[in-house]
Structure formats: structure tokens, C-alpha cells
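K.L.:
Shown below is the structure under consideration.
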Amino acid sequence: MGHKAGFVNIIGNPNVGKSTLMNAFVGERLSIITSKAQTTRHRILGIVNGDDFQVVFSDTPGIIKPAYELQESMMDFVKSAFEDADILLYMVEIGEQELKDEAFFNKIINSKIPVLLLLNKIDKSDQEQLETQVQLWSQKVPNAEIIPISALEGFQVKEVFDRIVDLLPESPAFYPKDQLTDKPERFFINETIREKILLHYKKEIPYAVEIETEEFFEEDDIIRVRSVIMVERETQKGIIIGHKGSALKRVGVEARKDLEKFFGKQLHLELYVKVNKNWRSNQNQLRRFGYNNK
Ligand SMILES: Nc1nc2c(ncn2[C@@H]2O[C@H](COP(=O)(O)OP(=O)(O)O)[C@@H](O)[C@H]2O)c(=O)[nH]1
Ligand SMILES: [Mg+2]
């Protein structure tokens with residue numbers, strides 16, 4: 001048996017547990033996770049290496065009908081995940097009916113490559129509901145192998161992984177065997193800060209925010225970072241900062257703690273807030289933040 005390698009792309013509705021699953025496979029917190037939809041904005045690679053295999057997972061944004069430019073770019077990441085996949089992981093959760101986007105759904109049911117339909121969050125269901133759901137999905141997506149899992153509790157995650165390695169095509173590795181992801185350090189800093197903003201601010205605030213890390217210096221015993229939190233309007237800036245800077249301070253402290261764990265090193269994080277008018281609808285700004293390859 002030779003070497004196996006391939007792209008395994010995780011797609012599905014928002015909030016079904018795609019990022020939780022990829023992190024479980026990789027064993028690192030590469031993708032941020034919150035209970036809010038549209039937490040993931042990019043396509044993020046997570047690479048799992050063995051002596052005779054390499055699985056290149058892609059976590060993608062949840063499928064939505066785009067309402068503004070940023071969301072269109074997010075759906076372009078999903079499209080690209082269909083194009084290079086060797087295996088598709090279509091994730092649904094218990095109780096969910098079907099994909100909101102018909103075109104994407106048709107791509108799944110007409111897929112020429114193996115599709116594993118992962119029925120997630122079974123920790124929240126009972127045997128009877130589970131059986132009904134398996135029945136339902138086997139009718140909707142007859143070409144898929146259905147595997148009930150709990151990404152959060154790690155239930156059946158190893159079984160899914162073994163099945164993936166079974167199905168992988170023979171191929172040399174695509175990335176160096178010590179590589180974990182395709183994203184640079186700054187990306188994980190930006191994402192960790194954005195996660196804290198998703199957790200602590202309400203309504204539209206998190207969706208109007210983008211982070212840019214302007215400085216990243218790694219010294220022997222400390223990493224020094226300066227990042228800017230960009231918002232769309234002046235009023236949002238005040239909300240992010242909070243009374244006497246308390247809200248911003250909380251974001252900084254929590255992000256720093258997570259980042260110190262992630263990098264295994266002490267980290268100094270300087271944060272400030274800037275208005276960048278309507279960046280979500282501006283092609284040039286989106287390109288600058290890595291959303292648009294058009
Ligand atoms: N009960 C339960 N919750 C889960 C499971 N997997 C993910 N979640 C939760 O579902 C929410 C969305 O997870 P996330 O991975 O961000 O979903 P994504 O939007 O598809 O990437 C988070 O609050 C997770 O903790 C699971 O297996 N069981
Ligand atoms: Mg996600």
C-alpha cells in the first residue's frame with residue numbers, strides 16, 4: 001500500500017458543528033467556535049498527518065443566502081470547497097431539515113465523490129429521534145453514507161476519521177508533514193480576538209467587526225502583538241471600548257490567555273479600535289482582509 005492523501009471538505013448550514021469537528025480531528029483550536037451563526041468567515045485548512053497518509057481538512061463558513069459583499073466572498077469559499085474535494089463531509093444536526101441553498105444541495109446529492117453525511121449533536125437526541133433522522137436523511141441524500149456523531153463529545157469522531165483514511169485516494173502529501181494549517185500566525189490572533197467579540201457583544205456588532213494584526217514580533221520568551229479592531233461606524237467604536245475601556249479590556253485579557261495557550265508562550269497584546277467605513281461592502285477592503293480573490 002502506498003501513500004494516501006486528499007482534501008476533505010466540511011460543509012453545511014451555519015452552527016451545525018463544522019468547526020468543532022475540524023478542531024476535534026486536528027486536536028487544536030484552529031477554528032473559532034461560538035453559538036452564533038457566521039462565526040467562521042474563511043476557509044481554514046487543518047492538516048492531519050500519519051506515516052502513510054495526509055488528510056487536509058477544510059472548515060468552511062455555513063451556507064447562507066448572501067446579503068452583502070462579505071457574505072458573497074464567504075460563499076465563494078464554500079464553492080471552492082466543492083471544487084477540490086476528494087471527500088465531502090456534509091454535516092447536519094439533529095432536528096435540521098435541509099440546506100437553505102438549493103444549488104449547493106444539488107451539488108451534494110449529485111456528487112461524484114464520496115459523501116459522508118454526519119448527523120451531529122446526537123448527544124441531544126434519543127434513539128427514536130435518531131432513527132427517524134437517519135431514515136429521513138437516507139432518503140434525501142441517497143448517495144451518502146450516514147454516520148451519527150457528537151463532535152462536541154468526540155463520539156464516533158475516530159470512526160469517521162478511519163473511514164476517511166479508507167476512502168482517501170493514493171497520492172503523495174500536498175503539504176510538508178509537520179504543517180498544521182495554511183494560515184499564518186496573525187490569522188489566529190485575529191480570529192481569537194474576533195471570537196471574544198462574538199461572545200461579548202450583541203446584535204450586529206460582531207458582524208461589523210474585522211481584525212487586523214499590524215505587528216507580530218516573536219522574541220525568545222515573549223510574543224509582542226498589536227492589533228486593530230475595525231468597525232463600520234463611530235457609534236460601534238464606543239460600544240467596543242465600553243465604559244472607561246472596560247469592555248475592550250476584557251476582550252484583550254481573554255484573547256491573550258487563549259493565545260498564550262495556543263502559542264505556548266507569554267504574549268503581550270495591544271488593542272485599539274478604528275472606524276473603517278462600510279468595509280463589509282468594499283471590494284478593496286475585503287481583498288485586503290483576505291476575503292476576495294477575484
Ligand atoms: N450539543 C452539542 N453541541 C455541539 C456539538 N457540536 C457543536 N456544538 C455546538 O454548536 C455550536 C456551533 O458550533 P460550531 O462548531 O461553531 O458550528 P459551525 O458554525 O458549523 O462551525 C457551538 O455552540 C458548539 O459548542 C455536538 O456534538 N453536540
Ligand atoms: Mg464554523
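Identifiers in this document derive from the order of the C-alpha cells: chains are assigned A, B, ..., residues are numbered from 1 separately in each chain, and ligands are numbered from 1 in order of occurrence.
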If you count only C-alpha atoms and all ligand atoms, which residues end up within 10 Å of ligand 1, as a CSV table (one decimal) with C-alpha atoms, in the first residue's frame?

P.N.:
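Result file follows (result-v7.csv):
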```csv
chain,number,residue,atom,x,y,z
A,10,ILE,CA,-16.7,20.1,5.6
A,11,ILE,CA,-19.8,21.9,4.5
A,12,GLY,CA,-23.3,22.5,5.9
A,13,ASN,CA,-25.6,25.0,7.5
A,14,PRO,CA,-24.4,27.6,10.0
A,15,ASN,CA,-24.0,26.4,13.6
A,16,VAL,CA,-24.2,22.6,13.0
A,17,GLY,CA,-20.7,22.0,14.4
A,18,LYS,CA,-18.3,22.1,11.5
A,19,SER,CA,-15.6,24.0,13.3
A,20,THR,CA,-16.0,21.8,16.4
A,21,LEU,CA,-15.4,18.7,14.3
A,22,MET,CA,-12.4,20.1,12.5
A,23,ASN,CA,-10.8,21.1,15.7
A,24,ALA,CA,-11.5,17.6,17.1
A,31,SER,CA,-11.3,27.4,14.1
A,32,ILE,CA,-13.1,29.6,16.5
A,33,ILE,CA,-16.4,28.3,17.8
A,34,THR,CA,-19.4,30.2,19.2
A,35,SER,CA,-23.1,29.6,19.4
A,36,LYS,CA,-23.6,32.4,16.8
A,37,ALA,CA,-24.1,31.8,13.1
A,38,GLN,CA,-21.4,33.1,10.7
A,39,THR,CA,-18.6,32.6,13.2
A,40,THR,CA,-16.4,31.2,10.5
A,41,ARG,CA,-15.7,33.6,7.7
A,59,ASP,CA,-13.6,24.1,7.5
A,60,THR,CA,-15.9,26.5,5.7
A,61,PRO,CA,-18.4,29.2,6.5
A,62,GLY,CA,-22.0,27.9,7.0
A,63,ILE,CA,-24.1,28.1,3.9
A,91,MET,CA,-22.8,18.0,8.3
A,92,VAL,CA,-26.3,18.3,9.5
A,93,GLU,CA,-27.6,18.5,13.1
A,94,ILE,CA,-30.4,16.6,14.8
A,119,LEU,CA,-25.6,13.7,11.7
A,120,ASN,CA,-24.2,15.8,14.5
A,121,LYS,CA,-25.3,16.6,18.1
A,122,ILE,CA,-26.8,13.2,18.8
A,123,ASP,CA,-26.0,13.8,22.5
A,124,LYS,CA,-29.1,16.0,22.3
A,125,SER,CA,-31.4,13.2,21.0
A,148,PRO,CA,-24.3,9.8,13.6
A,149,ILE,CA,-21.8,11.7,15.7
A,150,SER,CA,-21.3,14.1,18.5
A,151,ALA,CA,-18.4,16.4,17.6
A,152,LEU,CA,-18.6,18.1,21.0
A,153,GLU,CA,-18.2,14.9,23.0
A,154,GLY,CA,-16.0,13.2,20.5
A,155,PHE,CA,-18.5,10.4,19.9
A,157,VAL,CA,-15.1,11.0,15.6
```

K.L.:
Mind checking which residues fall within 7 Å of stretch 3-9 of chain A, counting only C-alpha atoms, ignoring those fewer than 6 positions away in the same chain, and posting them as a list in words?

P.N.:
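These residues fall inside the cut-off: Asp52, Phe53, Gln54, Val55, Val56, Phe57, Ser58, Asp59, Ala81, Asp84, Ala85, Asp86, Ile87, Leu88, Leu89, Leu168, Pro169, Glu170, Ser171, Pro172 and Ala173 of chain A.
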
K.L.:
Give the helix (DSSP H, G or I) residues of stretch 212-268 of chain A, as assigned by DSSP on the backbone, as a list in words.

P.N.:
Glu234, Thr235, Gln236, Lys237, Gly238, Ile239, Ile240, Ile241, His243, Lys244, Gly245, Ser246, Ala247, Leu248, Lys249, Arg250, Val251, Gly252, Val253, Glu254, Ala255, Arg256, Lys257, Asp258, Leu259, Glu260, Lys261, Phe262 and Phe263 of chain A

K.L.:
Let's see if you can do this: from backbone DSSP, list all strand (DSSP E or B) residues in stretch 43-231 of chain A, as a VMD selection string.

P.N.:
chain A and resid 44 to 50 53 to 59 87 to 93 115 to 120 144 to 148 150 155 170 210 to 218 222 to 231

K.L.:
Excluding same-chain residues fewer than 6 positions from stretch 196-208 of chain A, what lies within 9 Å of it counting only C-alpha atoms, as a PyMOL selection string?

P.N.:
chain A and resi 34-36+38-39+230-233+236+239-240+247+250-252+254-255+278-280

K.L.:
Calculated over only C-alpha atoms, which of the candidates A:Lys237, A:Asp220, A:Lys183, A:Leu116 has the smallest distance to A:Gln266?

P.N.:
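Closest to A:Gln266 of all the choices is A:Asp220.
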
K.L.:
Of the candidates A:Val78, A:Ile223, A:Leu180, A:Val228, which shows the shortest atom-to-atom distance to A:Glu28, using only C-alpha atoms?

P.N.:
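Nearest candidate to A:Glu28 out of A:Val78, A:Ile223, A:Leu180, A:Val228: A:Leu180.
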
K.L.:
Find the residues near A:Glu212: any atom within 10 Å, counting only C-alpha atoms, skip ones fewer than 6 places away on the same chain, and give them as a short mmCIF file (atom, residue, chain, number, x, y, z; two decimals) with C-alpha atoms, in the first residue's frame.

P.N.:
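Result went into result-v7.cif, see below:
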```cif
data_model
loop_
_atom_site.label_atom_id
_atom_site.label_comp_id
_atom_site.auth_asym_id
_atom_site.auth_seq_id
_atom_site.Cartn_x
_atom_site.Cartn_y
_atom_site.Cartn_z
CA ARG A 186 -1.56 36.59 12.51
CA PHE A 187 -4.72 34.89 11.27
CA ILE A 189 -4.60 36.18 16.54
CA ASN A 190 -7.29 37.96 14.52
CA GLU A 191 -9.69 35.06 14.91
CA ILE A 193 -9.95 38.41 19.16
CA ARG A 226 -0.52 44.96 18.14
CA SER A 227 -3.93 44.51 16.56
CA VAL A 228 -6.61 46.90 15.43
CA ILE A 229 -10.33 46.21 15.77
CA MET A 230 -12.12 47.76 12.84
CA ARG A 288 -7.02 43.40 1.94
CA PHE A 289 -8.55 41.26 4.69
#
```

K.L.:
Between A:Gln71, A:Asn292, A:Gly50, A:Lys274, single out the one closest to A:Asp162, counting only C-alpha atoms.

P.N.:
A:Gly50

K.L.:
Could you tell me how far atom CA of A:Arg43 sits from atom CA of A:His268, in Å to one decimal place?

P.N.:
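If I compute the distance from atom CA of A:His268 to atom CA of A:Arg43, I get 27.6 Å.
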
K.L.:
Could you check how far atom CA of A:Ser80 sits from atom CA of A:Gln133, in Å to one decimal?

P.N.:
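It comes out at 28.8 Å.
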
K.L.:
So which one's closest to ligand 2, A:Leu259, A:Leu286, A:Ile47, A:Met74? Using only C-alpha atoms and all ligand atoms, please.

P.N.:
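Closest residue, counting only C-alpha atoms and all ligand atoms: A:Met74.
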
K.L.:
Distance atom CA of A:Val26-atom CA of A:Gly46, one decimal place?

P.N.:
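According to the coordinates, atom CA of A:Val26 and atom CA of A:Gly46 are separated by 6.1 Å.
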
K.L.:
Can you tell me, as a PyMOL selection string, what residues are no more than 10 Å from A:Glu219 when counting only C-alpha atoms, ignoring any on the same chain fewer than 5 positions away?

P.N.:
chain A and resi 224+265-267

K.L.:
Between A:Glu234, A:Glu131, A:Glu195, A:Glu270, which one has atoms that come closest to ligand 2, using only C-alpha atoms and all ligand atoms?

P.N.:
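Between A:Glu234, A:Glu131, A:Glu195, A:Glu270, the residue approaching ligand 2 most closely is A:Glu195.
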